[in-house]
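Containing TSV, C-alpha atoms: input_12.tsv.
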chain	number	residue	atom	x	y	z
D	1	MET	CA	0.00	0.00	0.00
D	2	THR	CA	1.43	3.31	-1.03
D	3	GLY	CA	1.20	6.49	0.97
D	4	GLU	CA	-1.28	7.85	-1.55
D	5	GLN	CA	-3.64	4.95	-0.94
D	6	ILE	CA	-3.33	5.21	2.83
D	7	MET	CA	-4.19	8.91	2.66
D	8	PHE	CA	-7.14	8.14	0.36
D	9	TYR	CA	-8.67	5.57	2.69
D	10	LEU	CA	-8.07	7.75	5.76
D	11	LEU	CA	-9.65	10.83	4.18
D	12	GLY	CA	-12.46	8.85	2.57
D	13	GLY	CA	-13.26	7.03	5.81
D	14	GLY	CA	-13.24	10.34	7.64
D	15	ALA	CA	-15.64	11.88	5.13
D	16	VAL	CA	-18.02	8.93	5.39
D	17	VAL	CA	-17.91	8.86	9.20
D	18	ALA	CA	-18.45	12.62	9.44
D	19	SER	CA	-21.36	12.53	6.97
D	20	ALA	CA	-22.98	9.60	8.76
D	21	ALA	CA	-22.49	11.32	12.13
D	22	MET	CA	-24.49	14.22	10.70
D	23	LEU	CA	-27.58	11.98	10.56
D	24	LEU	CA	-27.19	9.43	13.35
D	25	PRO	CA	-28.47	10.05	16.88
D	26	PRO	CA	-25.53	11.07	19.10
D	27	MET	CA	-24.65	14.10	16.97
D	28	GLY	CA	-27.51	14.13	14.49
D	29	ARG	CA	-30.12	14.94	17.09
D	30	ASN	CA	-29.00	18.55	17.37
D	31	PRO	CA	-28.96	20.55	14.11
D	32	ILE	CA	-25.93	22.58	15.15
D	33	HIS	CA	-23.93	19.39	15.79
D	34	SER	CA	-25.06	18.13	12.38
D	35	ALA	CA	-23.75	21.31	10.77
D	36	ILE	CA	-20.39	20.99	12.53
D	37	SER	CA	-19.90	17.37	11.48
D	38	LEU	CA	-20.81	18.39	7.93
D	39	ILE	CA	-18.06	21.04	8.03
D	40	VAL	CA	-15.62	18.33	9.14
D	41	SER	CA	-16.79	16.18	6.24
D	42	PHE	CA	-16.17	19.06	3.81
D	43	PHE	CA	-12.61	19.41	5.07
D	44	PHE	CA	-12.01	15.69	4.47
D	45	LEU	CA	-13.40	16.08	0.95
D	46	ALA	CA	-11.10	19.06	0.33
D	47	GLY	CA	-8.22	16.78	1.29
D	48	LEU	CA	-9.47	14.17	-1.17
D	49	TYR	CA	-9.62	16.76	-3.96
D	50	ALA	CA	-6.05	17.81	-3.21
D	51	LEU	CA	-5.01	14.16	-3.26
D	52	LEU	CA	-6.60	13.80	-6.71
D	53	SER	CA	-4.65	16.85	-8.00
D	54	ALA	CA	-7.68	19.17	-8.04
D	55	HIS	CA	-5.81	21.95	-6.26
D	56	MET	CA	-8.17	24.78	-7.14
D	57	LEU	CA	-11.30	22.82	-6.22
D	58	SER	CA	-9.73	21.84	-2.93
D	59	VAL	CA	-9.28	25.49	-1.98
D	60	LEU	CA	-12.72	26.43	-3.32
D	61	GLN	CA	-14.28	23.65	-1.28
D	62	ILE	CA	-12.92	25.17	1.92
D	63	ILE	CA	-13.63	28.80	0.97
D	64	VAL	CA	-17.11	28.34	-0.50
D	65	TYR	CA	-18.51	25.33	1.34
D	66	ALA	CA	-16.88	25.40	4.76
D	67	GLY	CA	-16.47	29.16	4.68
D	68	ALA	CA	-19.66	30.52	3.14
D	69	VAL	CA	-22.41	27.92	2.84
D	70	MET	CA	-21.93	26.33	6.24
D	71	VAL	CA	-21.60	29.71	7.95
D	72	LEU	CA	-24.99	30.52	6.44
D	73	PHE	CA	-26.39	27.23	7.75
D	74	THR	CA	-25.06	27.69	11.28
D	75	PHE	CA	-26.23	31.31	11.23
D	76	VAL	CA	-29.78	30.26	10.33
D	77	ILE	CA	-29.81	27.45	12.89
D	78	MET	CA	-28.71	29.86	15.61
D	79	LEU	CA	-31.10	32.57	14.39
D	80	LEU	CA	-34.05	30.18	14.60
D	81	ASN	CA	-32.80	29.03	18.02
D	82	LEU	CA	-33.35	25.37	17.22
D	83	GLY	CA	-32.83	23.11	20.17
D	84	PRO	CA	-32.13	19.39	20.09
D	85	ASP	CA	-34.77	17.41	18.27
D	86	GLU	CA	-37.39	15.63	20.26
D	87	LEU	CA	-37.04	11.89	20.67
D	88	GLN	CA	-39.75	11.38	18.07
D	89	ASP	CA	-37.29	12.44	15.39
D	90	THR	CA	-35.05	9.41	15.98
D	91	ARG	CA	-37.88	6.87	16.21
D	92	ILE	CA	-37.74	3.98	13.75
D	93	THR	CA	-40.89	4.11	11.69
D	94	PRO	CA	-41.93	1.97	8.69
D	95	SER	CA	-41.43	4.90	6.33
D	96	ARG	CA	-37.88	5.34	7.62
D	97	ILE	CA	-37.10	1.67	7.13
D	98	ALA	CA	-38.42	1.94	3.57
D	99	ALA	CA	-36.33	5.06	3.03
D	100	GLY	CA	-33.22	3.33	4.33
D	101	ILE	CA	-33.86	0.38	2.02
D	102	LEU	CA	-34.25	2.81	-0.88
D	103	ALA	CA	-30.90	4.45	-0.09
D	104	LEU	CA	-29.22	1.05	0.24
D	105	PHE	CA	-30.78	-0.04	-3.06
D	106	VAL	CA	-29.48	3.06	-4.88
D	107	PHE	CA	-26.02	2.49	-3.40
D	108	GLY	CA	-26.11	-1.18	-4.38
D	109	LYS	CA	-27.06	-0.39	-7.94
D	110	LEU	CA	-24.33	2.26	-8.22
D	111	ALA	CA	-21.77	-0.12	-6.72
D	112	THR	CA	-22.71	-2.85	-9.20
D	113	ALA	CA	-22.40	-0.46	-12.12
D	114	ILE	CA	-19.03	0.76	-10.83
D	115	GLN	CA	-17.78	-2.81	-10.42
D	116	LEU	CA	-18.80	-3.65	-13.97
D	117	THR	CA	-17.33	-0.61	-15.69
D	118	THR	CA	-14.14	0.46	-13.95
D	119	ALA	CA	-12.08	-2.72	-14.00
D	120	GLY	CA	-8.62	-2.08	-15.41
D	121	ALA	CA	-8.99	1.70	-15.70
D	122	GLN	CA	-5.60	3.33	-16.19
D	123	ALA	CA	-4.93	6.89	-15.04
D	124	VAL	CA	-2.98	9.34	-17.16
D	125	ASP	CA	0.54	10.10	-15.96
D	126	LEU	CA	0.56	13.57	-14.44
D	127	ASN	CA	4.38	13.66	-14.62
D	128	ASP	CA	3.92	14.04	-18.36
D	129	PRO	CA	4.89	17.61	-19.40
D	130	GLY	CA	1.42	18.11	-20.93
D	131	PHE	CA	-0.17	17.76	-17.50
D	132	ALA	CA	2.23	19.97	-15.57
D	133	GLN	CA	-0.54	22.49	-14.88
D	134	PHE	CA	-3.32	19.95	-14.26
D	135	GLY	CA	-5.92	21.22	-11.79
D	136	THR	CA	-4.01	24.37	-10.83
D	137	VAL	CA	-5.61	27.81	-10.67
D	138	PRO	CA	-4.09	29.06	-13.98
D	139	GLU	CA	-5.20	25.99	-15.92
D	140	VAL	CA	-8.75	25.80	-14.52
D	141	GLY	CA	-9.11	29.57	-14.70
D	142	ARG	CA	-7.98	29.69	-18.32
D	143	MET	CA	-10.56	27.08	-19.26
D	144	MET	CA	-13.23	28.88	-17.25
D	145	TYR	CA	-12.64	32.15	-19.12
D	146	THR	CA	-12.27	30.67	-22.60
D	147	THR	CA	-14.17	27.45	-23.28
D	148	PHE	CA	-16.72	27.95	-20.52
D	149	LEU	CA	-17.08	31.72	-20.68
D	150	VAL	CA	-20.84	31.75	-21.39
D	151	PRO	CA	-21.78	29.28	-18.61
D	152	PHE	CA	-19.47	31.20	-16.28
D	153	GLU	CA	-21.27	34.48	-16.96
D	154	LEU	CA	-24.64	32.73	-16.63
D	155	VAL	CA	-23.59	31.37	-13.24
D	156	SER	CA	-22.66	34.88	-12.13
D	157	VAL	CA	-26.17	36.05	-13.14
D	158	LEU	CA	-27.63	33.06	-11.29
D	159	LEU	CA	-25.75	33.99	-8.14
D	160	LEU	CA	-26.95	37.59	-8.41
D	161	VAL	CA	-30.56	36.48	-8.87
D	162	ALA	CA	-30.22	34.05	-5.95
D	163	ALA	CA	-28.81	36.79	-3.69
D	164	VAL	CA	-31.60	39.21	-4.59
D	165	GLY	CA	-34.19	36.44	-4.26
D	166	ALA	CA	-32.88	35.44	-0.85
D	167	VAL	CA	-33.12	39.04	0.38
D	168	VAL	CA	-36.67	39.40	-0.96
D	169	LEU	CA	-37.77	36.05	0.52
D	170	ALA	CA	-36.30	36.64	3.94
D	171	LYS	CA	-37.43	40.25	4.18
D	172	ARG	CA	-39.55	40.82	7.24
D	173	SER	CA	-42.27	42.87	5.55
D	174	LEU	CA	-43.72	40.27	3.24
D	175	LYS	CA	-47.34	41.24	2.89
D	176	TYR	CA	-49.09	38.43	4.74
D	177	VAL	CA	-46.37	37.46	7.16
D	178	ASP	CA	-46.56	40.15	9.81
D	179	ARG	CA	-50.27	40.79	9.68
D	180	PRO	CA	-51.86	38.75	12.48
D	181	GLU	CA	-55.23	38.36	10.75
D	182	PRO	CA	-56.86	39.52	7.52
D	183	PRO	CA	-58.46	42.98	7.71
D	184	PRO	CA	-62.19	43.15	8.30
D	185	ALA	CA	-64.48	43.53	5.32
D	186	GLY	CA	-64.75	47.07	4.06
D	187	PHE	CA	-61.38	47.99	5.57
D	188	GLU	CA	-60.21	49.73	2.40
D	189	HIS	CA	-63.20	52.03	2.28
D	190	ALA	CA	-63.20	52.86	5.96
D	191	ALA	CA	-59.48	53.52	6.20
D	192	PRO	CA	-58.48	57.16	6.66
D	193	GLU	CA	-56.27	58.81	4.06
D	194	SER	CA	-53.11	58.75	6.15
D	195	THR	CA	-53.12	54.94	6.32
D	196	GLU	CA	-53.43	54.67	2.57
D	197	ASP	CA	-50.49	57.05	2.18
D	198	ALA	CA	-48.35	54.93	4.46
D	199	HIS	CA	-49.23	51.82	2.45
D	200	ALA	CA	-48.52	53.52	-0.81
D	201	HIS	CA	-45.10	54.79	0.26
D	202	GLY	CA	-43.74	52.25	2.71
D	203	GLY	CA	-45.35	49.14	1.31
D	204	GLY	CA	-44.98	47.60	4.76
D	205	HIS	CA	-43.44	48.31	8.13
H	206	MET	CA	-0.14	7.28	-12.61
H	207	THR	CA	-2.02	7.13	-9.42
H	208	SER	CA	-2.22	4.13	-7.17
H	209	ILE	CA	-5.82	4.80	-6.11
H	210	PRO	CA	-8.18	2.57	-8.12
H	211	LEU	CA	-10.88	4.49	-9.96
H	212	GLY	CA	-13.49	2.04	-8.66
H	213	HIS	CA	-12.69	2.95	-5.05
H	214	ILE	CA	-13.07	6.68	-5.72
H	215	LEU	CA	-16.45	6.08	-7.34
H	216	LEU	CA	-17.53	3.69	-4.58
H	217	LEU	CA	-16.69	6.33	-1.97
H	218	ALA	CA	-18.73	8.87	-3.93
H	219	ALA	CA	-21.63	6.40	-4.22
H	220	LEU	CA	-21.48	5.78	-0.47
H	221	LEU	CA	-21.59	9.51	0.27
H	222	PHE	CA	-24.47	9.89	-2.19
H	223	GLY	CA	-26.35	7.08	-0.42
H	224	ILE	CA	-25.79	8.74	2.96
H	225	GLY	CA	-27.11	12.03	1.60
H	226	LEU	CA	-30.11	10.32	0.04
H	227	ALA	CA	-30.90	8.51	3.29
H	228	GLY	CA	-30.70	11.86	5.09
H	229	VAL	CA	-33.08	13.56	2.68
H	230	VAL	CA	-35.69	10.82	2.88
H	231	THR	CA	-35.50	9.98	6.59
H	232	ARG	CA	-34.94	13.25	8.43
H	233	ARG	CA	-37.88	15.57	8.89
H	234	ASN	CA	-35.97	18.72	9.83
H	235	VAL	CA	-35.76	20.83	6.70
H	236	LEU	CA	-32.32	22.22	7.65
H	237	VAL	CA	-30.84	18.74	7.99
H	238	MET	CA	-32.49	17.80	4.69
H	239	LEU	CA	-30.79	20.75	2.97
H	240	MET	CA	-27.47	19.71	4.49
H	241	SER	CA	-27.98	16.18	3.16
H	242	VAL	CA	-28.50	17.64	-0.31
H	243	GLU	CA	-25.11	19.33	0.07
H	244	VAL	CA	-23.56	15.94	0.88
H	245	MET	CA	-25.08	14.50	-2.32
H	246	MET	CA	-23.68	17.38	-4.38
H	247	ASN	CA	-20.25	16.78	-2.88
H	248	ALA	CA	-20.47	13.12	-3.82
H	249	VAL	CA	-21.12	14.14	-7.43
H	250	ASN	CA	-18.18	16.54	-7.29
H	251	LEU	CA	-15.95	13.73	-6.04
H	252	THR	CA	-17.04	11.60	-9.00
H	253	LEU	CA	-16.19	14.41	-11.43
H	254	VAL	CA	-12.81	14.98	-9.83
H	255	GLY	CA	-12.04	11.25	-9.91
H	256	PHE	CA	-12.88	10.95	-13.59
H	257	SER	CA	-10.91	14.11	-14.35
H	258	ARG	CA	-7.89	12.66	-12.58
H	259	TYR	CA	-8.12	9.48	-14.61
H	260	ASN	CA	-8.71	11.13	-17.99
H	261	GLY	CA	-6.52	14.18	-17.48
H	262	TRP	CA	-9.40	16.48	-18.41
H	263	THR	CA	-9.71	19.83	-16.67
H	264	GLU	CA	-13.33	20.14	-17.85
H	265	GLY	CA	-14.47	18.06	-14.88
H	266	HIS	CA	-12.98	20.59	-12.48
H	267	VAL	CA	-14.83	23.44	-14.20
H	268	LEU	CA	-18.09	21.50	-14.02
H	269	ALA	CA	-17.49	20.80	-10.33
H	270	PHE	CA	-16.87	24.52	-9.85
H	271	PHE	CA	-20.25	25.26	-11.44
H	272	ILE	CA	-21.89	22.72	-9.13
H	273	ILE	CA	-20.32	24.48	-6.13
H	274	ALA	CA	-21.68	27.83	-7.38
H	275	VAL	CA	-25.17	26.41	-7.93
H	276	ALA	CA	-25.07	24.74	-4.50
H	277	ALA	CA	-24.22	28.09	-2.91
H	278	ALA	CA	-27.16	29.74	-4.70
H	279	GLU	CA	-29.45	26.89	-3.69
H	280	ALA	CA	-28.38	27.14	-0.05
H	281	ALA	CA	-28.99	30.90	0.01
H	282	VAL	CA	-32.49	30.69	-1.49
H	283	GLY	CA	-33.38	27.55	0.46
H	284	LEU	CA	-32.39	29.06	3.79
H	285	ALA	CA	-34.28	32.27	2.99
H	286	MET	CA	-37.37	30.14	2.35
H	287	VAL	CA	-36.80	28.29	5.63
H	288	LEU	CA	-36.64	31.64	7.41
H	289	ALA	CA	-39.86	32.85	5.77
H	290	VAL	CA	-41.68	29.60	6.58
H	291	PHE	CA	-40.39	29.61	10.15
H	292	ARG	CA	-41.74	33.11	10.64
H	293	LEU	CA	-45.13	31.87	9.46
H	294	LYS	CA	-45.33	28.47	11.20
H	295	GLN	CA	-42.72	28.54	13.99
H	296	THR	CA	-41.39	25.16	12.91
H	297	THR	CA	-38.79	23.62	10.60
H	298	TYR	CA	-40.37	20.16	10.49
H	299	VAL	CA	-41.73	19.28	7.07
H	300	ASP	CA	-44.38	17.04	8.65
H	301	GLU	CA	-46.07	20.11	10.07
H	302	LEU	CA	-46.01	22.06	6.82
H	303	ARG	CA	-49.08	20.62	5.16
H	304	LEU	CA	-50.94	23.74	4.05
H	305	LEU	CA	-50.05	26.30	1.46
H	306	LYS	CA	-52.21	28.90	3.20
H	307	ARG	CA	-51.49	30.10	6.69

Rewrite the structure of this file - the entire thing - as structure tokens.
Amino acid sequence: MTGEQIMFYLLGGGAVVASAAMLLPPMGRNPIHSAISLIVSFFFLAGLYALLSAHMLSVLQIIVYAGAVMVLFTFVIMLLNLGPDELQDTRITPSRIAAGILALFVFGKLATAIQLTTAGAQAVDLNDPGFAQFGTVPEVGRMMYTTFLVPFELVSVLLLVAAVGAVVLAKRSLKYVDRPEPPPAGFEHAAPESTEDAHAHGGGH
Amino acid sequence: MTSIPLGHILLLAALLFGIGLAGVVTRRNVLVMLMSVEVMMNAVNLTLVGFSRYNGWTEGHVLAFFIIAVAAAEAAVGLAMVLAVFRLKQTTYVDELRLLKR
């Protein structure tokens, strides 16, 4: 067993254990513990990417996933003040057993397909001069700004739309959210002028 | 050359995908379900990186980068929706979200 293989199995085992710990009772009962074990799993995956010569993705994994996405998750969990789940959430119910069987079935099918198709696969030699830049920031960046320029720009628009959409969705003054009950019938006619002005200008609170 | 068999990389990715799938279908807390979706996306990224390593194609890395960007957008919008729903219903359990009206 080479050092590369040992690192692969260590990192891979760590990623699997951390992902499973996210769901299983000791840690999985509390959403904040789930989020932390997921961050650990992302770090293991970043190590795997580095091991597979995807240097840029490895760094992006830590910056974007562990740094941005999971901070957002932990922020929301803490904002909502979610405590540990009740015991009912870890009960074994028939639907959960069926769901587990489904997941096992999908994994089994994938494993069979992998067994059948990957025998004897040979990797390219990265010591070859043609692959000197493989997976580095210049190489991936060059491809991103030449071959994949249009998708890249579309993704930037997608991110902008998602950011604006998130702000609009999470805004406190959505029309029906803050109002405790619908206004009585004839409210619009009976309302004094000042109220209508406030609605017209502020659109909320 | 790499000494890691391609089959083992893909098996690890399939295992992570199965864990994420099990999380989505068994857990009832919408935040944990979203996190399980992130695990599934990472499994797909690992597959792309493994194939890229074996074929020497950088395209797989670019595609994985796009998946990361889309996952970030999905997390932002998804969490905003969770916040809006929580304000309405005071819960994050999907079992209790049965009605579209308040």

### Task
Please return, as an MDAnalysis selection string, all residues of chain H lying within 7 Å of chain D when all atoms listed in the file are considered.
chainID H and resid 206:209 211:212 215:217 219:221 223:224 226:228 230:231 237 254:255 258:261 263 266:267 270 277:278 280:282 285:286 288:289 293

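Coordinates place CA of Asn234 (chain H) at a distance of 16.2 Å from CA of Ser37 (chain D).
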
### Query
So, counting all atoms listed in the file, which residue among H:Val235, H:Ile272, H:Val290, H:Glu264 is closest to Asn247 (chain H)?
H:Ile272

Could the centre and edge lengths of an axis-aligned box, enclosing all atoms of region 35-42 of chain D in the file with 5 Å extra on each side, be given in Å to one decimal as lines of an AutoDock Vina configuration file?
center_x = -19.7
center_y = 18.7
center_z = 8.2
size_x = 18.1
size_y = 15.1
size_z = 18.7

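Note that the spacing between CA of Gly265 (chain H) and CA of Leu251 (chain H) amounts to 10.0 Å.
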
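The spacing separating CA of Leu239 (chain H) from CA of Ile214 (chain H) amounts to 24.2 Å.
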